[in-house]
file data-v4.tsv (TSV, C-alpha atoms)
chain	number	residue	atom	x	y	z
Z	80	MET	CA	-31.21	-9.53	-5.39
Z	81	LEU	CA	-28.41	-8.35	-3.10
Z	82	ALA	CA	-30.78	-6.03	-1.24
Z	83	THR	CA	-33.09	-8.90	-0.43
Z	84	VAL	CA	-30.35	-11.04	1.14
Z	85	ARG	CA	-28.51	-8.25	2.99
Z	86	PRO	CA	-30.13	-6.67	6.08
Z	87	HIS	CA	-30.15	-2.84	6.06
Z	88	SER	CA	-28.16	-2.80	9.32
Z	89	TRP	CA	-25.12	-3.85	7.25
Z	90	ASP	CA	-25.46	-0.95	4.82
Z	91	LEU	CA	-23.58	1.78	6.74
Z	92	PRO	CA	-20.48	-0.32	7.51
Z	93	LEU	CA	-20.45	-1.62	3.94
Z	94	PHE	CA	-20.79	1.94	2.59
Z	95	LEU	CA	-17.82	3.09	4.69
Z	96	HIS	CA	-15.77	0.08	3.61
Z	97	VAL	CA	-16.46	0.60	-0.11
Z	98	LEU	CA	-16.08	4.40	0.02
Z	99	GLY	CA	-12.77	4.11	1.92
Z	100	ALA	CA	-11.47	1.56	-0.59
Z	101	MET	CA	-12.46	3.74	-3.58
Z	102	VAL	CA	-10.82	6.87	-2.12
Z	103	LEU	CA	-7.71	4.81	-1.24
Z	104	VAL	CA	-7.53	3.66	-4.87
Z	105	GLY	CA	-7.77	7.30	-5.98
Z	106	ALA	CA	-4.98	8.39	-3.62
Z	107	LEU	CA	-2.67	5.56	-4.69
Z	108	ALA	CA	-3.41	6.14	-8.38
Z	109	THR	CA	-2.60	9.84	-7.91
Z	110	ALA	CA	0.75	8.95	-6.31
Z	111	ALA	CA	1.47	6.45	-9.09
Z	112	LEU	CA	0.55	9.00	-11.80
Z	113	LEU	CA	2.82	11.63	-10.24
Z	114	ALA	CA	5.66	9.13	-9.87
Z	115	PHE	CA	5.36	7.96	-13.49
Z	116	ALA	CA	5.26	11.62	-14.61
Z	117	ALA	CA	8.52	12.14	-12.70
Z	118	TRP	CA	10.19	9.41	-14.81
Z	119	ARG	CA	9.65	11.67	-17.84
Z	120	ARG	CA	10.32	14.99	-16.05
Z	121	PRO	CA	12.73	14.24	-13.19
Z	122	GLY	CA	13.40	17.91	-12.42
Z	123	VAL	CA	9.83	18.78	-11.38
Z	124	SER	CA	9.92	19.02	-7.57
Z	125	VAL	CA	6.17	19.50	-7.11
Z	126	TYR	CA	5.51	15.88	-8.09
Z	127	GLY	CA	7.22	14.48	-4.99
Z	128	ARG	CA	5.48	16.93	-2.68
Z	129	ALA	CA	2.11	16.20	-4.30
Z	130	ALA	CA	2.58	12.40	-4.07
Z	131	LEU	CA	3.41	12.60	-0.35
Z	132	TRP	CA	0.38	14.87	0.26
Z	133	SER	CA	-1.90	12.51	-1.66
Z	134	LEU	CA	-0.76	9.49	0.35
Z	135	LEU	CA	-0.70	11.17	3.77
Z	136	VAL	CA	-3.77	13.42	3.60
Z	137	VAL	CA	-6.01	11.27	1.38
Z	138	GLY	CA	-4.62	7.70	1.35
Z	139	VAL	CA	-3.96	7.02	5.04
Z	140	PRO	CA	-7.37	8.33	6.31
Z	141	ALA	CA	-9.11	6.42	3.48
Z	142	TYR	CA	-7.30	3.25	4.55
Z	143	VAL	CA	-8.53	3.72	8.14
Z	144	VAL	CA	-12.16	4.20	6.95
Z	145	MET	CA	-11.87	1.17	4.64
Z	146	ARG	CA	-10.38	-1.05	7.38
Z	147	VAL	CA	-12.82	0.04	10.12
Z	148	GLY	CA	-15.73	-0.48	7.69
Z	149	ALA	CA	-14.37	-3.93	6.81
Z	150	GLN	CA	-14.13	-5.05	10.44
Z	151	TRP	CA	-17.56	-3.62	11.26
Z	152	THR	CA	-19.14	-5.40	8.27
Z	153	TYR	CA	-17.31	-8.61	9.18
Z	154	SER	CA	-18.73	-8.59	12.72
Z	155	LYS	CA	-22.24	-7.69	11.47
Z	156	GLU	CA	-22.19	-10.63	9.05
Z	157	GLY	CA	-21.33	-12.97	11.92
Z	158	PHE	CA	-18.09	-14.42	10.58
Z	159	THR	CA	-15.83	-15.92	13.21
Z	160	GLY	CA	-12.59	-16.70	11.37
Z	161	LYS	CA	-13.53	-20.36	11.20
Z	162	ASP	CA	-14.38	-21.62	7.69
Z	163	ASP	CA	-14.67	-18.07	6.34
Z	164	PRO	CA	-15.15	-17.85	2.55
Z	165	THR	CA	-12.07	-17.36	0.34
Z	166	TRP	CA	-13.06	-13.81	-0.68
Z	167	ILE	CA	-12.85	-12.75	2.99
Z	168	GLY	CA	-9.29	-14.09	3.17
Z	169	ILE	CA	-8.36	-12.20	0.00
Z	170	GLY	CA	-9.84	-9.02	1.48
Z	171	PHE	CA	-7.91	-9.36	4.73
Z	172	MET	CA	-4.70	-10.12	2.84
Z	173	ALA	CA	-5.14	-6.99	0.69
Z	174	ALA	CA	-5.87	-4.91	3.78
Z	175	ASP	CA	-3.11	-6.18	6.06
Z	176	PHE	CA	-0.30	-6.60	3.52
Z	177	GLY	CA	-1.60	-3.42	1.92
Z	178	LEU	CA	-1.01	-1.47	5.13
Z	179	LEU	CA	2.67	-2.38	4.94
Z	180	LEU	CA	2.74	-1.34	1.28
Z	181	LEU	CA	0.93	1.94	2.03
Z	182	LEU	CA	3.32	2.84	4.86
Z	183	ALA	CA	6.35	1.86	2.79
Z	184	THR	CA	5.09	3.92	-0.19
Z	185	THR	CA	4.44	6.93	2.06
Z	186	GLY	CA	7.92	6.60	3.60
Z	187	VAL	CA	9.58	6.47	0.18
Z	188	ALA	CA	7.44	9.42	-0.98
Z	189	PHE	CA	8.79	11.36	2.01
Z	190	TRP	CA	12.34	10.44	0.92
Z	191	TRP	CA	11.48	11.51	-2.66
Z	192	GLN	CA	10.09	14.86	-1.47
Z	193	ARG	CA	13.19	15.53	0.69
Z	194	SER	CA	15.87	14.30	-1.72
Z	195	GLY	CA	14.30	14.77	-5.15
Z	196	LYS	CA	16.00	11.51	-6.20
Z	197	ILE	CA	14.51	9.79	-9.24
Z	198	ALA	CA	15.16	6.37	-7.63
Z	199	ALA	CA	12.66	7.32	-4.93
Z	200	ALA	CA	10.07	8.33	-7.56
Z	201	ARG	CA	10.56	5.03	-9.35
Z	202	THR	CA	10.14	3.11	-6.09
Z	203	VAL	CA	6.90	5.00	-5.36
Z	204	SER	CA	5.58	4.15	-8.84
Z	205	VAL	CA	6.34	0.43	-8.34
Z	206	LEU	CA	5.00	0.17	-4.77
Z	207	SER	CA	1.80	2.10	-5.48
Z	208	SER	CA	1.19	0.06	-8.66
Z	209	VAL	CA	1.64	-3.22	-6.75
Z	210	TYR	CA	-0.84	-2.08	-4.11
Z	211	LEU	CA	-3.32	-0.96	-6.79
Z	212	ILE	CA	-3.16	-4.41	-8.41
Z	213	LEU	CA	-3.67	-6.04	-5.00
Z	214	LEU	CA	-6.72	-3.83	-4.36
Z	215	ALA	CA	-8.12	-4.62	-7.81
Z	216	VAL	CA	-7.87	-8.36	-7.07
Z	217	ALA	CA	-9.60	-7.77	-3.73
Z	218	TRP	CA	-12.50	-5.67	-5.07
Z	219	PHE	CA	-13.05	-8.16	-7.90
Z	220	ALA	CA	-13.06	-11.15	-5.54
Z	221	MET	CA	-15.24	-9.40	-2.97
Z	222	SER	CA	-17.85	-8.15	-5.46
Z	223	ALA	CA	-18.08	-11.45	-7.37
Z	224	LYS	CA	-17.72	-13.56	-4.19
P	152	MET	CA	-18.78	-17.46	-11.95
P	153	SER	CA	-22.23	-16.75	-13.38
P	154	THR	CA	-23.00	-13.95	-15.84
P	155	VAL	CA	-24.47	-11.87	-13.02
P	156	ASP	CA	-21.27	-12.35	-10.96
P	157	TRP	CA	-19.17	-11.10	-13.89
P	158	LEU	CA	-21.49	-8.17	-14.55
P	159	LEU	CA	-21.48	-7.17	-10.88
P	160	ALA	CA	-17.68	-7.44	-10.56
P	161	LEU	CA	-17.13	-5.35	-13.71
P	162	HIS	CA	-19.82	-2.85	-12.66
P	163	VAL	CA	-18.03	-2.42	-9.32
P	164	THR	CA	-14.74	-2.08	-11.22
P	165	GLY	CA	-16.35	0.75	-13.18
P	166	ALA	CA	-17.39	2.39	-9.91
P	167	PHE	CA	-13.78	2.17	-8.64
P	168	PHE	CA	-12.62	3.87	-11.86
P	169	LEU	CA	-15.30	6.57	-11.57
P	170	VAL	CA	-14.77	7.39	-7.87
P	171	GLY	CA	-11.00	6.76	-7.93
P	172	GLY	CA	-10.58	8.97	-11.00
P	173	SER	CA	-12.68	11.70	-9.39
P	174	VAL	CA	-10.50	11.56	-6.26
P	175	MET	CA	-7.40	11.85	-8.49
P	176	ALA	CA	-8.78	14.93	-10.28
P	177	ALA	CA	-9.88	16.56	-7.02
P	178	THR	CA	-6.51	15.90	-5.35
P	179	LEU	CA	-4.55	17.35	-8.27
P	180	ASN	CA	-6.88	20.37	-8.41
P	181	VAL	CA	-6.46	21.09	-4.68
P	182	LEU	CA	-2.67	20.70	-4.97
P	183	ALA	CA	-2.61	23.06	-7.99
P	184	LEU	CA	-4.49	25.58	-5.90
P	185	ARG	CA	-1.88	25.30	-3.12
P	186	SER	CA	1.07	25.72	-5.50
P	187	THR	CA	3.02	28.95	-5.25
P	188	VAL	CA	4.13	29.45	-8.86
P	189	PRO	CA	2.20	28.96	-12.15
P	190	SER	CA	4.59	26.30	-13.50
P	191	GLU	CA	3.79	23.98	-10.57
P	192	SER	CA	0.04	24.50	-11.03
P	193	ALA	CA	0.43	23.82	-14.76
P	194	GLN	CA	2.34	20.55	-14.13
P	195	LEU	CA	-0.42	19.28	-11.83
P	196	LEU	CA	-3.38	20.48	-13.92
P	197	ARG	CA	-1.84	18.83	-17.00
P	198	LEU	CA	-2.09	15.43	-15.26
P	199	ILE	CA	-5.86	15.86	-14.85
P	200	LYS	CA	-6.18	14.89	-18.53
P	201	THR	CA	-5.15	11.34	-17.57
P	202	THR	CA	-7.75	11.21	-14.81
P	203	VAL	CA	-10.45	12.17	-17.36
P	204	ILE	CA	-9.69	8.90	-19.21
P	205	VAL	CA	-10.03	6.92	-15.96
P	206	ILE	CA	-13.31	8.68	-15.14
P	207	GLY	CA	-14.59	8.11	-18.70
P	208	ILE	CA	-14.00	4.35	-18.44
P	209	GLY	CA	-15.84	4.35	-15.11
P	210	VAL	CA	-18.75	6.39	-16.48
P	211	VAL	CA	-19.31	3.96	-19.36
P	212	LEU	CA	-18.83	0.74	-17.34
P	213	THR	CA	-21.11	1.80	-14.49
P	214	LEU	CA	-24.01	2.80	-16.77
P	215	VAL	CA	-23.87	0.04	-19.37
P	216	LEU	CA	-23.24	-2.82	-16.93
P	217	GLY	CA	-25.58	-1.29	-14.35
P	218	LEU	CA	-28.50	-1.25	-16.82
P	219	TRP	CA	-27.60	-4.76	-17.94
P	220	LEU	CA	-27.61	-5.92	-14.31
P	221	VAL	CA	-31.03	-4.36	-13.65
P	222	HIS	CA	-32.41	-6.27	-16.65
P	223	ARG	CA	-30.60	-9.53	-15.84
P	224	VAL	CA	-31.40	-9.63	-12.09
P	225	GLY	CA	-34.99	-8.57	-12.65
P	226	TYR	CA	-35.08	-5.22	-10.84
P	227	SER	CA	-37.62	-2.69	-12.06
P	228	TYR	CA	-36.32	0.29	-14.06
P	229	GLY	CA	-39.07	2.24	-12.27
P	230	ALA	CA	-37.61	1.52	-8.81
P	231	PHE	CA	-36.53	4.74	-7.08
P	232	TRP	CA	-32.89	3.77	-6.59
P	233	VAL	CA	-32.54	2.84	-10.29
P	234	TRP	CA	-34.01	5.96	-11.91
P	235	ALA	CA	-32.53	8.26	-9.27
P	236	ALA	CA	-29.07	6.78	-9.95
P	237	ILE	CA	-29.52	7.31	-13.70
P	238	ALA	CA	-30.63	10.93	-13.11
P	239	LEU	CA	-27.60	11.50	-10.85
P	240	TRP	CA	-25.35	9.89	-13.47
P	241	VAL	CA	-26.54	12.53	-15.98
P	242	ILE	CA	-25.93	15.29	-13.39
P	243	VAL	CA	-22.41	13.94	-12.67
P	244	ASN	CA	-21.55	14.12	-16.37
P	245	ALA	CA	-23.02	17.60	-16.86
P	246	LEU	CA	-21.38	19.13	-13.77
P	247	GLY	CA	-18.11	17.25	-14.34
P	248	GLY	CA	-17.97	18.54	-17.92
P	249	ILE	CA	-18.45	22.17	-16.83
P	250	GLY	CA	-15.93	21.79	-13.97
P	251	GLY	CA	-13.46	20.16	-16.35
P	252	ARG	CA	-13.67	23.09	-18.77
P	253	HIS	CA	-12.95	25.46	-15.86
P	254	GLN	CA	-9.86	23.43	-14.93
P	255	GLU	CA	-8.77	23.47	-18.57
P	256	ARG	CA	-8.96	27.29	-18.63
P	257	ALA	CA	-6.87	27.39	-15.43
P	258	ARG	CA	-4.28	25.05	-16.99
P	259	GLU	CA	-4.00	27.20	-20.12
P	260	LEU	CA	-3.51	30.36	-18.03
P	261	ALA	CA	-0.97	28.62	-15.76
P	262	GLU	CA	1.04	27.44	-18.79
P	263	ARG	CA	1.01	30.91	-20.34
P	264	LEU	CA	2.11	32.53	-17.07
P	265	ALA	CA	4.83	29.88	-16.60
P	266	ALA	CA	6.22	30.74	-20.04
P	267	GLU	CA	6.10	34.49	-19.30
P	268	GLY	CA	8.34	34.53	-16.22
P	269	ASP	CA	6.63	32.14	-13.79
P	270	THR	CA	5.76	34.70	-11.14
P	271	PRO	CA	2.80	34.25	-8.74
P	272	SER	CA	-0.38	35.64	-10.28
P	273	ASP	CA	-3.57	36.96	-8.68
P	274	GLU	CA	-5.45	36.20	-11.89
P	275	LEU	CA	-4.49	32.49	-11.74
P	276	ARG	CA	-5.20	32.31	-8.02
P	277	ALA	CA	-8.65	33.84	-8.58
P	278	LEU	CA	-9.39	31.40	-11.42
P	279	LEU	CA	-8.29	28.40	-9.37
P	280	ARG	CA	-10.42	29.58	-6.43
P	281	ASP	CA	-13.43	30.53	-8.59
P	282	ARG	CA	-16.50	29.47	-6.61
P	283	ARG	CA	-18.71	28.67	-9.58
P	284	GLY	CA	-16.11	26.53	-11.34
P	285	ASN	CA	-15.19	24.62	-8.20
P	286	ALA	CA	-18.86	24.23	-7.20
P	287	MET	CA	-19.46	22.34	-10.45
P	288	SER	CA	-16.65	19.87	-9.71
P	289	TYR	CA	-17.61	19.43	-6.06
P	290	GLY	CA	-21.27	19.06	-7.11
P	291	ALA	CA	-20.25	16.25	-9.47
P	292	GLY	CA	-18.36	14.61	-6.57
P	293	LEU	CA	-21.39	14.91	-4.29
P	294	ALA	CA	-23.68	13.41	-6.93
P	295	THR	CA	-21.23	10.50	-7.35
P	296	LEU	CA	-21.33	9.94	-3.58
P	297	LEU	CA	-25.14	9.91	-3.68
P	298	ILE	CA	-25.06	7.27	-6.44
P	299	LEU	CA	-22.90	5.10	-4.16
P	300	VAL	CA	-25.43	5.62	-1.32
P	301	LEU	CA	-28.26	4.50	-3.65
P	302	MET	CA	-26.29	1.45	-4.79
P	303	ILE	CA	-25.69	0.31	-1.19
P	304	TRP	CA	-29.07	1.13	0.43
P	305	LYS	CA	-31.23	0.53	-2.69
P	306	PRO	CA	-34.27	2.50	-1.42
P	307	GLY	CA	-37.46	1.29	-3.07
P	308	ALA	CA	-35.99	-2.08	-4.10

call {"tool": "encode", "arguments": {"input": "data-v4.tsv", "output": "structure tokens"}}
result
Amino acid sequence: MLATVRPHSWDLPLFLHVLGAMVLVGALATAALLAFAAWRRPGVSVYGRAALWSLLVVGVPAYVVMRVGAQWTYSKEGFTGKDDPTWIGIGFMAADFGLLLLLATTGVAFWWQRSGKIAAARTVSVLSSVYLILLAVAWFAMSAK
Amino acid sequence: MSTVDWLLALHVTGAFFLVGGSVMAATLNVLALRSTVPSESAQLLRLIKTTVIVIGIGVVLTLVLGLWLVHRVGYSYGAFWVWAAIALWVIVNALGGIGGRHQERARELAERLAAEGDTPSDELRALLRDRRGNAMSYGAGLATLLILVLMIWKPGA
């Protein structure tokens, strides 16, 4: 049904958007997992280094691919910003507020890696979890429309 | 929301679990490979167990809800993109299972070496860099990517 209403020229931008979002979720979930593991084992220094690497090397490029794919799909579908459907607004909110969250999480992960402080690990776990919930709301709204 | 809307949203949720969990496992595996001492590799490889649960949820949701969607929307099970995706799903599980067992062997060795003095080991490095073991995991990742391509382009629909 979807294939019959969506022209094939939209497929590549949509693929990039979805793939970027899925990899971003993986990177954030990795950072969250490492940060929660640090709550139980605060002395393990590799967790902080691994969380920063996951966010910087995997998360940030995935965000760029997701966001570029989103804008490309948006222009292909002919939306103008006037009377756009609600699910588009939810997507933009998750992307734009999410960028702030991603940068803040990466910054705190850098602090965690440098200082080894458990407060930094706990902040990373909270920020990455909040962003994951935001992304889950967005993918649910965008797939169900 | 209609039944199809719910099925599609939950099917996509399953895909996020499957791909997201695979990214988690791959990231932790690469980081374990880059670690200098066995204890660090062991700490990271131990966390892969959690990602297996995430991947498992994704594997079940994508297949069950995907087949339900095909039936509900009225696609043909004989359409190329449907049967090819099912075949790739089987390949993902087979390769992922073999790759997972390889990572499990690496974790056991890393934990033993960590308990025996935690000095860098050529044996662990060789196991973590083993081409066959890693090829299985990367093959599973590639097959997952191909499933996503089929789901978007739907060739033969």

call {"tool": "atom_distance", "arguments": {"input": "data-v4.tsv", "atom1": "CA of Leu107 (chain Z)", "atom2": "CA of Leu134 (chain Z)"}}
result
6.7 Å

call {"tool": "atom_distance", "arguments": {"input": "data-v4.tsv", "atom1": "CA of Leu178 (chain Z)", "atom2": "CA of Ala200 (chain Z)"}}
result
19.5 Å

call {"tool": "interface_residues", "arguments": {"input": "data-v4.tsv", "of": "chain P", "to": "chain Z", "cutoff": "9 Å", "atoms": "only C-alpha atoms", "output": "MDAnalysis selection string"}}
result
chainID P and resid 152 155:161 163:164 166:176 178:179 182 186 191:192 194:195 198 201:202 224:226 296 299:300 303:305 308

call {"tool": "atom_distance", "arguments": {"input": "data-v4.tsv", "atom1": "CA of Pro121 (chain Z)", "atom2": "CA of Arg201 (chain Z)"}}
result
10.2 Å

call {"tool": "residues_around", "arguments": {"input": "data-v4.tsv", "residues": "Met145 (chain Z)", "least_positions_apart": "4", "cutoff": "7 Å", "atoms": "only C-alpha atoms", "output": "number ranges by chain"}}
result
Z: 95-97, 99-100, 141, 149

call {"tool": "residues_around", "arguments": {"input": "data-v4.tsv", "residues": "Ala193 (chain P)", "least_positions_apart": "3", "cutoff": "6 Å", "atoms": "only C-alpha atoms", "output": "PyMOL selection string"}}
result
chain P and resi 190+196-197+258+261-262

call {"tool": "residues_around", "arguments": {"input": "data-v4.tsv", "residues": "Val241 (chain P)", "least_positions_apart": "6", "cutoff": "12 Å", "atoms": "all atoms listed in the file", "output": "list in words"}}
result
Val210, Val211, Leu214, Trp234, Ala235, Gly247, Gly248, Ala291, Ala294, Thr295 and Ile298 of chain P

call {"tool": "write_last_selection", "arguments": {"input": "data-v4.tsv", "atoms": "C-alpha atoms", "output": "PDB file, keeping the file's coordinate frame"}}
result
ATOM      1  CA  VAL P 210     -18.750   6.390 -16.480  1.00  0.00           C
ATOM      2  CA  VAL P 211     -19.310   3.960 -19.360  1.00  0.00           C
ATOM      3  CA  LEU P 214     -24.010   2.800 -16.770  1.00  0.00           C
ATOM      4  CA  TRP P 234     -34.010   5.960 -11.910  1.00  0.00           C
ATOM      5  CA  ALA P 235     -32.530   8.260  -9.270  1.00  0.00           C
ATOM      6  CA  GLY P 247     -18.110  17.250 -14.340  1.00  0.00           C
ATOM      7  CA  GLY P 248     -17.970  18.540 -17.920  1.00  0.00           C
ATOM      8  CA  ALA P 291     -20.250  16.250  -9.470  1.00  0.00           C
ATOM      9  CA  ALA P 294     -23.680  13.410  -6.930  1.00  0.00           C
ATOM     10  CA  THR P 295     -21.230  10.500  -7.350  1.00  0.00           C
ATOM     11  CA  ILE P 298     -25.060   7.270  -6.440  1.00  0.00           C
TER      12      ILE P 298
END

call {"tool": "decode", "arguments": {"input": "data-v4.tsv", "residues": "region 251-262 of chain P", "atoms": "N, CA and C atoms", "output": "compact mmCIF listing (two decimals), in the first residue's frame"}}
result
# COMPACT_ATOMS: atom_id res chain seq x y z
N GLY P 251 27.88 -14.26 17.32
CA GLY P 251 27.67 -14.11 18.77
C GLY P 251 28.46 -15.13 19.57
N ARG P 252 28.51 -16.37 19.04
CA ARG P 252 29.29 -17.41 19.75
C ARG P 252 30.78 -17.07 19.73
N HIS P 253 31.24 -16.47 18.64
CA HIS P 253 32.64 -16.05 18.55
C HIS P 253 32.94 -14.95 19.59
N GLN P 254 32.02 -14.00 19.71
CA GLN P 254 32.20 -12.94 20.72
C GLN P 254 32.16 -13.50 22.14
N GLU P 255 31.36 -14.53 22.34
CA GLU P 255 31.26 -15.16 23.65
C GLU P 255 32.58 -15.84 24.02
N ARG P 256 33.21 -16.50 23.02
CA ARG P 256 34.52 -17.12 23.27
C ARG P 256 35.55 -16.05 23.62
N ALA P 257 35.49 -14.91 22.92
CA ALA P 257 36.43 -13.82 23.19
C ALA P 257 36.21 -13.27 24.60
N ARG P 258 34.95 -13.16 25.01
CA ARG P 258 34.65 -12.65 26.36
C ARG P 258 35.20 -13.60 27.42
N GLU P 259 35.00 -14.90 27.21
CA GLU P 259 35.49 -15.88 28.20
C GLU P 259 37.00 -15.81 28.33
N LEU P 260 37.69 -15.70 27.19
CA LEU P 260 39.16 -15.61 27.22
C LEU P 260 39.59 -14.31 27.90
N ALA P 261 38.92 -13.21 27.56
CA ALA P 261 39.28 -11.90 28.16
C ALA P 261 39.09 -11.94 29.68
N GLU P 262 38.04 -12.58 30.14
CA GLU P 262 37.79 -12.65 31.60
C GLU P 262 38.84 -13.52 32.28
